[in-house]
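Engineer: The structure file entry.cif (mmCIF, C-alpha atoms) is provided below.
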data_protein
#
loop_
_atom_site.group_PDB
_atom_site.id
_atom_site.type_symbol
_atom_site.label_atom_id
_atom_site.label_comp_id
_atom_site.auth_asym_id
_atom_site.auth_seq_id
_atom_site.Cartn_x
_atom_site.Cartn_y
_atom_site.Cartn_z
ATOM 1 C CA MET Y 1 98.551 91.209 87.521
ATOM 2 C CA ARG Y 2 96.767 88.249 89.143
ATOM 3 C CA LEU Y 3 97.652 87.131 92.654
ATOM 4 C CA GLY Y 4 96.524 84.374 94.956
ATOM 5 C CA LEU Y 5 95.783 85.339 98.560
ATOM 6 C CA VAL Y 6 95.803 82.368 100.926
ATOM 7 C CA GLY Y 7 93.911 83.359 104.070
ATOM 8 C CA CYS Y 8 91.510 86.286 104.262
ATOM 9 C CA GLY Y 9 90.780 86.816 107.937
ATOM 10 C CA TYR Y 10 91.376 89.780 110.254
ATOM 11 C CA TRP Y 11 94.550 90.914 108.473
ATOM 12 C CA GLY Y 12 94.067 89.210 105.121
ATOM 13 C CA ARG Y 13 91.105 91.429 104.270
ATOM 14 C CA ASN Y 14 93.412 94.476 104.575
ATOM 15 C CA ILE Y 15 95.856 92.798 102.202
ATOM 16 C CA LEU Y 16 93.019 92.150 99.733
ATOM 17 C CA ARG Y 17 91.928 95.784 99.952
ATOM 18 C CA ASP Y 18 95.422 97.111 99.251
ATOM 19 C CA LEU Y 19 96.118 94.665 96.424
ATOM 20 C CA LYS Y 20 92.944 95.933 94.774
ATOM 21 C CA VAL Y 21 94.142 99.530 95.238
ATOM 22 C CA LEU Y 22 97.354 98.495 93.474
ATOM 23 C CA GLY Y 23 95.323 97.299 90.490
ATOM 24 C CA CYS Y 24 95.645 93.550 91.043
ATOM 25 C CA GLU Y 25 93.063 90.865 90.449
ATOM 26 C CA VAL Y 26 92.977 88.627 93.512
ATOM 27 C CA ASP Y 27 91.866 85.019 93.826
ATOM 28 C CA VAL Y 28 91.304 84.084 97.495
ATOM 29 C CA ALA Y 29 91.718 80.676 99.099
ATOM 30 C CA ASP Y 30 90.038 80.545 102.502
ATOM 31 C CA PRO Y 31 88.040 77.703 104.048
ATOM 32 C CA GLY Y 32 85.561 80.084 105.659
ATOM 33 C CA SER Y 33 86.610 83.530 106.817
ATOM 34 C CA ALA Y 34 84.753 85.130 109.708
ATOM 35 C CA TYR Y 35 84.977 88.401 107.761
ATOM 36 C CA PRO Y 36 83.284 89.356 104.482
ATOM 37 C CA ILE Y 37 85.545 88.805 101.466
ATOM 38 C CA VAL Y 38 84.870 91.844 99.309
ATOM 39 C CA GLY Y 39 86.606 92.483 95.996
ATOM 40 C CA ALA Y 40 88.081 89.057 95.230
ATOM 41 C CA ARG Y 41 87.841 87.779 91.651
ATOM 42 C CA THR Y 42 87.148 84.270 92.936
ATOM 43 C CA VAL Y 43 86.969 82.592 96.357
ATOM 44 C CA VAL Y 44 87.843 78.922 96.816
ATOM 45 C CA ALA Y 45 88.095 76.799 99.939
ATOM 46 C CA GLY Y 46 91.599 75.392 99.467
ATOM 47 C CA LEU Y 47 94.809 76.614 97.889
ATOM 48 C CA GLU Y 48 94.945 73.560 95.614
ATOM 49 C CA ALA Y 49 91.922 75.013 93.794
ATOM 50 C CA LEU Y 50 93.717 78.263 92.959
ATOM 51 C CA ASP Y 51 94.455 78.851 89.284
ATOM 52 C CA PRO Y 52 98.015 77.591 88.593
ATOM 53 C CA GLY Y 53 98.518 80.509 86.184
ATOM 54 C CA LEU Y 54 98.620 83.198 88.891
ATOM 55 C CA ASP Y 55 101.616 85.550 88.940
ATOM 56 C CA GLY Y 56 102.403 85.243 92.648
ATOM 57 C CA TYR Y 57 101.010 84.464 96.078
ATOM 58 C CA VAL Y 58 100.487 86.200 99.419
ATOM 59 C CA VAL Y 59 100.151 84.004 102.520
ATOM 60 C CA ALA Y 60 98.094 85.411 105.401
ATOM 61 C CA THR Y 61 97.025 82.284 107.262
ATOM 62 C CA PRO Y 62 97.751 81.729 111.005
ATOM 63 C CA ALA Y 63 101.491 81.554 111.688
ATOM 64 C CA PRO Y 64 101.602 77.836 112.621
ATOM 65 C CA THR Y 65 100.275 76.967 109.121
ATOM 66 C CA HIS Y 66 102.786 79.060 107.148
ATOM 67 C CA ALA Y 67 105.303 76.279 106.557
ATOM 68 C CA GLY Y 68 102.680 73.919 105.163
ATOM 69 C CA VAL Y 69 101.158 76.555 102.885
ATOM 70 C CA ILE Y 70 104.564 77.660 101.582
ATOM 71 C CA THR Y 71 105.593 74.058 100.930
ATOM 72 C CA ALA Y 72 102.384 73.464 98.958
ATOM 73 C CA LEU Y 73 102.824 76.626 96.877
ATOM 74 C CA ALA Y 74 106.576 76.305 96.224
ATOM 75 C CA PRO Y 75 106.337 73.806 93.301
ATOM 76 C CA ARG Y 76 104.332 76.384 91.341
ATOM 77 C CA GLY Y 77 107.578 78.322 90.990
ATOM 78 C CA LYS Y 78 106.048 81.759 91.566
ATOM 79 C CA PRO Y 79 107.129 84.378 94.132
ATOM 80 C CA ILE Y 80 105.563 84.045 97.590
ATOM 81 C CA PHE Y 81 105.091 86.888 100.077
ATOM 82 C CA CYS Y 82 104.369 85.440 103.529
ATOM 83 C CA GLU Y 83 103.070 87.301 106.543
ATOM 84 C CA LYS Y 84 105.350 87.349 109.578
ATOM 85 C CA PRO Y 85 106.601 85.266 111.255
ATOM 86 C CA LEU Y 86 107.911 83.113 108.419
ATOM 87 C CA THR Y 87 107.279 80.035 110.568
ATOM 88 C CA THR Y 88 107.059 79.258 114.277
ATOM 89 C CA ASP Y 89 110.137 77.007 114.172
ATOM 90 C CA ALA Y 90 113.645 78.341 113.525
ATOM 91 C CA ALA Y 91 114.978 75.175 111.891
ATOM 92 C CA VAL Y 92 112.032 74.994 109.498
ATOM 93 C CA ALA Y 93 112.409 78.697 108.690
ATOM 94 C CA ARG Y 94 116.090 78.218 107.833
ATOM 95 C CA SER Y 95 115.294 75.206 105.654
ATOM 96 C CA LEU Y 96 112.646 77.091 103.695
ATOM 97 C CA ALA Y 97 114.931 80.109 103.306
ATOM 98 C CA GLU Y 98 117.697 77.939 101.851
ATOM 99 C CA ALA Y 99 115.396 75.977 99.556
ATOM 100 C CA LEU Y 100 113.395 78.969 98.294
ATOM 101 C CA ASP Y 101 116.039 81.685 98.148
ATOM 102 C CA GLY Y 102 114.835 84.297 95.667
ATOM 103 C CA GLN Y 103 111.274 82.933 95.600
ATOM 104 C CA LEU Y 104 110.138 83.475 99.203
ATOM 105 C CA PHE Y 105 109.837 86.822 101.003
ATOM 106 C CA VAL Y 106 108.432 87.895 104.395
ATOM 107 C CA MET Y 107 106.002 90.721 105.169
ATOM 108 C CA HIS Y 108 107.841 92.452 108.005
ATOM 109 C CA LYS Y 109 105.829 95.650 107.669
ATOM 110 C CA TRP Y 110 107.883 97.667 110.161
ATOM 111 C CA ALA Y 111 110.873 97.394 107.834
ATOM 112 C CA TYR Y 112 108.780 99.454 105.382
ATOM 113 C CA HIS Y 113 107.704 102.079 107.929
ATOM 114 C CA GLY Y 114 108.962 105.521 106.902
ATOM 115 C CA GLY Y 115 110.326 106.231 110.377
ATOM 116 C CA VAL Y 116 112.257 102.960 110.598
ATOM 117 C CA GLN Y 117 113.646 103.513 107.109
ATOM 118 C CA ALA Y 118 114.712 107.046 108.093
ATOM 119 C CA LEU Y 119 116.449 105.787 111.260
ATOM 120 C CA ALA Y 120 118.234 103.130 109.234
ATOM 121 C CA ALA Y 121 119.343 105.809 106.757
ATOM 122 C CA VAL Y 122 120.815 107.898 109.600
ATOM 123 C CA ALA Y 123 122.712 104.828 110.802
ATOM 124 C CA ARG Y 124 124.085 104.110 107.311
ATOM 125 C CA SER Y 125 125.071 107.730 106.711
ATOM 126 C CA GLY Y 126 127.292 108.019 109.801
ATOM 127 C CA GLU Y 127 126.162 111.633 110.302
ATOM 128 C CA LEU Y 128 125.844 111.087 114.056
ATOM 129 C CA GLY Y 129 128.888 108.889 114.314
ATOM 130 C CA PRO Y 130 128.914 105.118 114.809
ATOM 131 C CA LEU Y 131 125.691 103.468 115.930
ATOM 132 C CA GLN Y 132 125.961 102.259 119.532
ATOM 133 C CA GLY Y 133 122.566 100.692 120.123
ATOM 134 C CA VAL Y 134 118.845 100.558 119.362
ATOM 135 C CA PHE Y 135 116.098 100.679 122.015
ATOM 136 C CA THR Y 136 112.463 99.750 121.319
ATOM 137 C CA ARG Y 137 109.353 99.709 123.520
ATOM 138 C CA ARG Y 138 106.071 98.086 122.460
ATOM 139 C CA LEU Y 139 103.598 98.170 125.333
ATOM 140 C CA GLN Y 140 99.829 97.744 125.251
ATOM 141 C CA TRP Y 141 96.837 96.293 127.061
ATOM 142 C CA GLY Y 142 95.731 92.974 125.579
ATOM 143 C CA LYS Y 143 96.326 91.363 122.200
ATOM 144 C CA PRO Y 144 94.066 90.466 119.263
ATOM 145 C CA ALA Y 145 95.153 86.849 118.697
ATOM 146 C CA ALA Y 146 94.199 84.359 121.393
ATOM 147 C CA GLU Y 147 96.502 81.619 120.061
ATOM 148 C CA ALA Y 148 99.765 83.614 120.282
ATOM 149 C CA ASP Y 149 101.547 84.952 123.350
ATOM 150 C CA ALA Y 150 103.040 88.431 123.672
ATOM 151 C CA VAL Y 151 106.495 87.461 122.491
ATOM 152 C CA TRP Y 152 105.283 85.943 119.229
ATOM 153 C CA GLU Y 153 102.752 88.692 118.674
ATOM 154 C CA LEU Y 154 104.765 91.779 119.620
ATOM 155 C CA ALA Y 155 108.491 91.012 119.747
ATOM 156 C CA ILE Y 156 108.439 89.827 116.123
ATOM 157 C CA HIS Y 157 107.880 93.471 115.135
ATOM 158 C CA ASP Y 158 110.682 94.808 117.316
ATOM 159 C CA LEU Y 159 113.173 92.254 116.062
ATOM 160 C CA SER Y 160 112.396 93.238 112.465
ATOM 161 C CA ILE Y 161 112.994 96.893 113.449
ATOM 162 C CA HIS Y 162 116.326 96.011 115.046
ATOM 163 C CA TYR Y 163 117.289 94.021 111.954
ATOM 164 C CA ALA Y 164 116.417 96.946 109.673
ATOM 165 C CA ILE Y 165 118.483 99.476 111.653
ATOM 166 C CA LEU Y 166 121.353 97.279 112.862
ATOM 167 C CA GLY Y 167 121.634 95.325 109.612
ATOM 168 C CA ALA Y 168 121.761 92.037 111.548
ATOM 169 C CA LEU Y 169 120.579 90.561 114.843
ATOM 170 C CA PRO Y 170 123.282 90.073 117.491
ATOM 171 C CA PRO Y 171 123.022 86.997 119.753
ATOM 172 C CA VAL Y 172 120.840 87.198 122.850
ATOM 173 C CA ALA Y 173 122.760 88.522 125.859
ATOM 174 C CA ALA Y 174 119.929 88.460 128.414
ATOM 175 C CA ALA Y 175 116.154 88.028 128.531
ATOM 176 C CA ARG Y 176 113.534 88.010 131.291
ATOM 177 C CA ALA Y 177 109.863 87.240 130.830
ATOM 178 C CA VAL Y 178 106.709 88.217 132.694
ATOM 179 C CA MET Y 179 104.492 85.126 132.878
ATOM 180 C CA ARG Y 180 100.753 84.711 133.381
ATOM 181 C CA GLY Y 181 100.339 81.000 133.895
ATOM 182 C CA ASP Y 182 102.144 79.343 130.994
ATOM 183 C CA GLN Y 183 101.817 82.395 128.719
ATOM 184 C CA MET Y 184 104.414 85.116 128.253
ATOM 185 C CA GLU Y 185 102.777 88.459 128.934
ATOM 186 C CA GLY Y 186 105.939 90.449 128.330
ATOM 187 C CA ILE Y 187 109.678 90.287 127.861
ATOM 188 C CA VAL Y 188 112.711 92.518 128.344
ATOM 189 C CA ALA Y 189 115.773 91.479 126.370
ATOM 190 C CA THR Y 190 119.169 92.658 125.225
ATOM 191 C CA LEU Y 191 120.915 91.492 122.082
ATOM 192 C CA GLY Y 192 124.628 91.644 122.763
ATOM 193 C CA GLY Y 193 127.308 93.091 120.536
ATOM 194 C CA SER Y 194 128.454 96.431 119.287
ATOM 195 C CA PRO Y 195 126.086 97.883 118.307
ATOM 196 C CA PHE Y 196 123.539 96.230 120.610
ATOM 197 C CA GLY Y 197 119.759 96.008 120.664
ATOM 198 C CA HIS Y 198 117.377 96.312 123.621
ATOM 199 C CA LEU Y 199 113.654 95.638 123.495
ATOM 200 C CA GLU Y 200 110.720 95.687 125.887
ATOM 201 C CA VAL Y 201 107.288 94.322 125.019
ATOM 202 C CA SER Y 202 104.158 93.736 127.092
ATOM 203 C CA VAL Y 203 100.436 93.093 126.698
ATOM 204 C CA GLY Y 204 99.827 93.921 130.368
ATOM 205 C CA TRP Y 205 100.506 97.646 130.169
ATOM 206 C CA PRO Y 206 97.548 100.069 130.383
ATOM 207 C CA GLY Y 207 97.697 102.444 127.442
ATOM 208 C CA THR Y 208 99.889 102.092 124.369
ATOM 209 C CA GLU Y 209 103.546 102.937 123.749
ATOM 210 C CA ARG Y 210 105.526 102.531 120.537
ATOM 211 C CA LYS Y 211 109.021 104.033 120.745
ATOM 212 C CA ILE Y 212 112.231 103.528 118.774
ATOM 213 C CA ARG Y 213 115.509 105.224 119.667
ATOM 214 C CA ALA Y 214 118.857 104.811 117.948
ATOM 215 C CA ILE Y 215 121.835 105.945 120.029
ATOM 216 C CA PHE Y 216 124.980 107.140 118.257
ATOM 217 C CA ARG Y 217 128.359 108.372 119.443
ATOM 218 C CA ASP Y 218 127.443 111.962 118.570
ATOM 219 C CA GLY Y 219 123.693 112.066 119.266
ATOM 220 C CA LEU Y 220 120.479 110.125 118.914
ATOM 221 C CA ALA Y 221 117.590 109.704 116.496
ATOM 222 C CA MET Y 222 114.100 108.696 117.563
ATOM 223 C CA LEU Y 223 110.568 107.866 116.511
ATOM 224 C CA ASP Y 224 108.268 108.269 119.508
ATOM 225 C CA ASP Y 225 104.970 107.897 117.638
ATOM 226 C CA PRO Y 226 104.417 105.504 114.706
ATOM 227 C CA LEU Y 227 101.885 107.981 113.263
ATOM 228 C CA ALA Y 228 104.312 110.928 113.367
ATOM 229 C CA ASP Y 229 105.338 112.661 110.159
ATOM 230 C CA HIS Y 230 108.981 112.973 111.242
ATOM 231 C CA ILE Y 231 111.841 111.496 113.203
ATOM 232 C CA ALA Y 232 113.691 113.682 115.712
ATOM 233 C CA LEU Y 233 117.463 114.071 115.871
ATOM 234 C CA VAL Y 234 119.463 115.335 118.833
ATOM 235 C CA ARG Y 235 123.117 116.211 118.261
ATOM 236 C CA GLY Y 236 125.680 116.031 121.045
ATOM 237 C CA SER Y 237 125.012 114.986 124.635
ATOM 238 C CA ALA Y 238 123.281 116.582 127.613
ATOM 239 C CA PRO Y 239 125.498 119.017 129.592
ATOM 240 C CA ALA Y 240 126.100 118.210 133.251
ATOM 241 C CA GLY Y 241 123.244 119.427 135.420
ATOM 242 C CA GLU Y 242 120.739 119.836 132.565
ATOM 243 C CA ARG Y 243 117.354 118.438 133.583
ATOM 244 C CA HIS Y 244 114.998 119.629 130.833
ATOM 245 C CA ASP Y 245 114.358 118.399 127.295
ATOM 246 C CA PRO Y 246 117.001 119.446 124.764
ATOM 247 C CA GLU Y 247 116.448 122.522 122.668
ATOM 248 C CA GLY Y 248 116.915 122.586 118.928
ATOM 249 C CA LEU Y 249 115.465 119.169 118.085
ATOM 250 C CA GLU Y 250 115.800 118.562 114.374
ATOM 251 C CA ARG Y 251 112.556 117.215 112.928
ATOM 252 C CA ARG Y 252 113.248 115.311 109.733
ATOM 253 C CA PRO Y 253 110.182 114.549 107.558
ATOM 254 C CA ILE Y 254 109.455 110.909 106.734
ATOM 255 C CA ASP Y 255 107.275 108.992 104.302
ATOM 256 C CA THR Y 256 103.906 108.501 106.030
ATOM 257 C CA GLU Y 257 102.325 106.040 103.603
ATOM 258 C CA TRP Y 258 100.969 102.963 105.407
ATOM 259 C CA PRO Y 259 103.637 100.216 105.515
ATOM 260 C CA LEU Y 260 101.266 97.471 104.358
ATOM 261 C CA ILE Y 261 100.550 99.003 100.979
ATOM 262 C CA LYS Y 262 104.219 99.986 100.622
ATOM 263 C CA GLU Y 263 105.434 96.416 101.045
ATOM 264 C CA LEU Y 264 102.703 95.044 98.789
ATOM 265 C CA ARG Y 265 103.659 97.579 96.098
ATOM 266 C CA VAL Y 266 107.286 96.415 96.287
ATOM 267 C CA PHE Y 267 106.127 92.806 95.836
ATOM 268 C CA VAL Y 268 103.810 93.624 92.927
ATOM 269 C CA GLU Y 269 106.531 95.637 91.214
ATOM 270 C CA HIS Y 270 108.877 92.675 91.670
ATOM 271 C CA LEU Y 271 106.339 90.464 89.880
ATOM 272 C CA ARG Y 272 106.456 92.983 87.040
ATOM 273 C CA GLY Y 273 110.224 92.686 86.785
ATOM 274 C CA GLY Y 274 111.409 95.030 89.529
ATOM 275 C CA PRO Y 275 113.877 94.318 92.339
ATOM 276 C CA PRO Y 276 112.914 91.781 95.003
ATOM 277 C CA PRO Y 277 111.545 92.868 98.393
ATOM 278 C CA PRO Y 278 114.414 93.560 100.837
ATOM 279 C CA THR Y 279 112.717 91.418 103.501
ATOM 280 C CA ASP Y 280 113.791 88.112 102.027
ATOM 281 C CA ALA Y 281 113.377 84.646 103.516
ATOM 282 C CA ARG Y 282 116.892 84.619 104.995
ATOM 283 C CA SER Y 283 116.232 87.748 107.044
ATOM 284 C CA GLY Y 284 112.834 86.313 107.981
ATOM 285 C CA ALA Y 285 114.491 83.125 109.208
ATOM 286 C CA ALA Y 286 117.001 85.187 111.197
ATOM 287 C CA VAL Y 287 114.143 86.969 112.970
ATOM 288 C CA VAL Y 288 112.426 83.655 113.794
ATOM 289 C CA GLY Y 289 115.727 82.295 115.116
ATOM 290 C CA ALA Y 290 116.239 85.352 117.313
ATOM 291 C CA LEU Y 291 112.662 85.155 118.568
ATOM 292 C CA GLN Y 292 113.059 81.494 119.488
ATOM 293 C CA ALA Y 293 116.363 82.273 121.233
ATOM 294 C CA LEU Y 294 114.694 85.082 123.209
ATOM 295 C CA ARG Y 295 112.001 82.722 124.430
ATOM 296 C CA GLU Y 296 114.483 80.025 125.416
ATOM 297 C CA ALA Y 297 116.720 82.521 127.250
ATOM 298 C CA ALA Y 298 113.751 84.041 129.098
ATOM 299 C CA LEU Y 299 112.370 80.651 130.139
ATOM 300 C CA GLY Y 300 115.844 79.531 131.233
ATOM 301 C CA ALA Y 301 116.198 82.614 133.448
ATOM 302 C CA ARG Y 302 113.049 81.840 135.476
#
Translate the structure of the given file into structure tokens.

Structural biologist:
Amino acid sequence: MRLGLVGCGYWGRNILRDLKVLGCEVDVADPGSAYPIVGARTVVAGLEALDPGLDGYVVATPAPTHAGVITALAPRGKPIFCEKPLTTDAAVARSLAEALDGQLFVMHKWAYHGGVQALAAVARSGELGPLQGVFTRRLQWGKPAAEADAVWELAIHDLSIHYAILGALPPVAAARAVMRGDQMEGIVATLGGSPFGHLEVSVGWPGTERKIRAIFRDGLAMLDDPLADHIALVRGSAPAGERHDPEGLERRPIDTEWPLIKELRVFVEHLRGGPPPPTDARSGAAVVGALQALREAALGAR
């Protein structure tokens, strides 16, 4: 299996590593990565120099360039797996999703996280009754990418989590942003509907928090640590006057394999004739649309 990797920077080198683990030969197109490119079969400066006989492509360039790279690769007719977000413009994302349905997929890694998949399975099973809402918190101090604000960099993950558990993204009901100059440092938002979604993200929070909680009529299910080997289930509700943590938490084991290699394996197996990745371009466009709507609502509420 021979793949083309377009972009091999901070995150692209991890993609290259995992594609090699999966037994792929990888040709890299990168105009000059700041990181060593180790393990590639060939390295070229531009994607036009990539062998046209490759089996598929992974796009890991900066988000504002995704649309251009995808458009250049599309005529080759091979499957494309693009890092999130699909694009930085909702209309462009929808156009690409319509034009390349079945060819284009998005690397929303949190949709492949064992804990998120387990929470989604609880929601589908109905074992705790109807799903009422999903709460996520993604708080940290600082961010790695200077060119993206907190909403693009963090909320994209939470929206993909909400999509995976809810099965769709309800319209924005309310959003408020924390601004530092003209940059969004954080946002609190609610996606209306039944069930609903609520998210909080910030890059101005000392320490790190990653929490996901799904609330059901008859209990709740939660992932309070992305490195945990289980999700926790609580059945029923707290009795009146109870002030301590519930007893009898059910700890349900989850798949702890790293999401990146899981999603890449799904893509590689698709190239070999397997089912397509569940994170298709239409869901990717829906996430971009929701993200753009969050930003507009938050800016309008200032």

Engineer: Here's a test: counting all atoms listed in the file, identify every protein, DNA and RNA residue with an atom at most 12 Å from (88.2, 94.4, 101.8) in the file's coordinate frame, and state them as a list in words.

Structural biologist: Cys8, Gly9, Tyr10, Trp11, Gly12, Arg13, Asn14, Ile15, Leu16, Arg17, Asp18, Leu19, Lys20, Val21, Val26, Val28, Tyr35, Pro36, Ile37, Val38, Gly39 and Ala40 of chain Y

Engineer: Can you write just those residues out, C-alpha atoms, as a PDB file, keeping the file's coordinate frame?

Structural biologist:
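The result, stored in again-v8.pdb:
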ATOM      1  CA  CYS Y   8      91.510  86.286 104.262  1.00  0.00           C
ATOM      2  CA  GLY Y   9      90.780  86.816 107.937  1.00  0.00           C
ATOM      3  CA  TYR Y  10      91.376  89.780 110.254  1.00  0.00           C
ATOM      4  CA  TRP Y  11      94.550  90.914 108.473  1.00  0.00           C
ATOM      5  CA  GLY Y  12      94.067  89.210 105.121  1.00  0.00           C
ATOM      6  CA  ARG Y  13      91.105  91.429 104.270  1.00  0.00           C
ATOM      7  CA  ASN Y  14      93.412  94.476 104.575  1.00  0.00           C
ATOM      8  CA  ILE Y  15      95.856  92.798 102.202  1.00  0.00           C
ATOM      9  CA  LEU Y  16      93.019  92.150  99.733  1.00  0.00           C
ATOM     10  CA  ARG Y  17      91.928  95.784  99.952  1.00  0.00           C
ATOM     11  CA  ASP Y  18      95.422  97.111  99.251  1.00  0.00           C
ATOM     12  CA  LEU Y  19      96.118  94.665  96.424  1.00  0.00           C
ATOM     13  CA  LYS Y  20      92.944  95.933  94.774  1.00  0.00           C
ATOM     14  CA  VAL Y  21      94.142  99.530  95.238  1.00  0.00           C
ATOM     15  CA  VAL Y  26      92.977  88.627  93.512  1.00  0.00           C
ATOM     16  CA  VAL Y  28      91.304  84.084  97.495  1.00  0.00           C
ATOM     17  CA  TYR Y  35      84.977  88.401 107.761  1.00  0.00           C
ATOM     18  CA  PRO Y  36      83.284  89.356 104.482  1.00  0.00           C
ATOM     19  CA  ILE Y  37      85.545  88.805 101.466  1.00  0.00           C
ATOM     20  CA  VAL Y  38      84.870  91.844  99.309  1.00  0.00           C
ATOM     21  CA  GLY Y  39      86.606  92.483  95.996  1.00  0.00           C
ATOM     22  CA  ALA Y  40      88.081  89.057  95.230  1.00  0.00           C
TER      23      ALA Y  40
END

Engineer: Of the candidates Y:Cys82, Y:Gly68, Y:Gly23, Y:Val106, which one gets nearest to Y:Asp280 if we count all atoms listed in the file?

Structural biologist: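 That would be Y:Val106, the residue with the smallest distance to Y:Asp280.
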
Engineer: Would you list the contacts of stretch 121-126 of chain Y as a compact mmCIF listing (two decimals) with C-alpha atoms, in the frame of the given file, taking every protein, DNA or RNA residue within 9 Å and counting only C-alpha atoms, but skipping same-chain residues closer than 5 positions in sequence?

Structural biologist:
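This is the output file result.txt:
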# COMPACT_ATOMS: atom_id res chain seq x y z
CA VAL Y 116 112.26 102.96 110.60
CA LEU Y 131 125.69 103.47 115.93
CA ILE Y 165 118.48 99.48 111.65
CA LEU Y 166 121.35 97.28 112.86
CA ALA Y 214 118.86 104.81 117.95
CA PHE Y 216 124.98 107.14 118.26
CA ALA Y 221 117.59 109.70 116.50

Engineer: Using only C-alpha atoms, pick whichever of Y:Lys143, Y:Leu227, Y:Leu169, Y:Leu260 has the shortest atom-to-atom distance to Y:Trp205.

Structural biologist: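 Closest to Y:Trp205, using only C-alpha atoms: Y:Lys143.
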
Engineer: Going by the chain IDs and residue numbers used in this file, which residues fall under the PyMOL selection byres ((chain Y and resi 84-99) around 7)? Write them as a list of chain:residue names.

Structural biologist: Y:Ala63, Y:Pro64, Y:His66, Y:Ala67, Y:Cys82, Y:Glu83, Y:Leu100, Y:Asp101, Y:Val106, Y:Met107, Y:His108, Y:Ile156, Y:Ala281, Y:Arg282, Y:Gly284, Y:Ala285, Y:Val288, Y:Gly289, Y:Gln292

Engineer: Suppose you want the space between atom CA of Y:Glu257 and atom CA of Y:Asp158; what is it in Å?

Structural biologist: 19.6 Å

Engineer: Taking 2 positions as the minimum chain separation for residues in the same chain, which residues sit within 10 Å of Y:Val201 when counting all atoms listed in the file? Answer as a list in words.

Structural biologist: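 Near neighbours after the sequence-gap exclusion: Thr136, Arg137, Arg138, Leu139, Gln140, Ala150, Val151, Glu153, Leu154, Ala155, His157, Asp158, Ala177, Val178, Glu185, Gly186, Ile187, Val188, Ala189, Leu199, Val203, Gly204, Trp205, Glu209 and Arg210 of chain Y.
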
Engineer: Between atom CA of Y:Gly181 and atom CA of Y:Trp141, what is the distance in Å, rounded to a tenth?

Structural biologist: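 Between atom CA of Y:Gly181 and atom CA of Y:Trp141 the gap is 17.1 Å.
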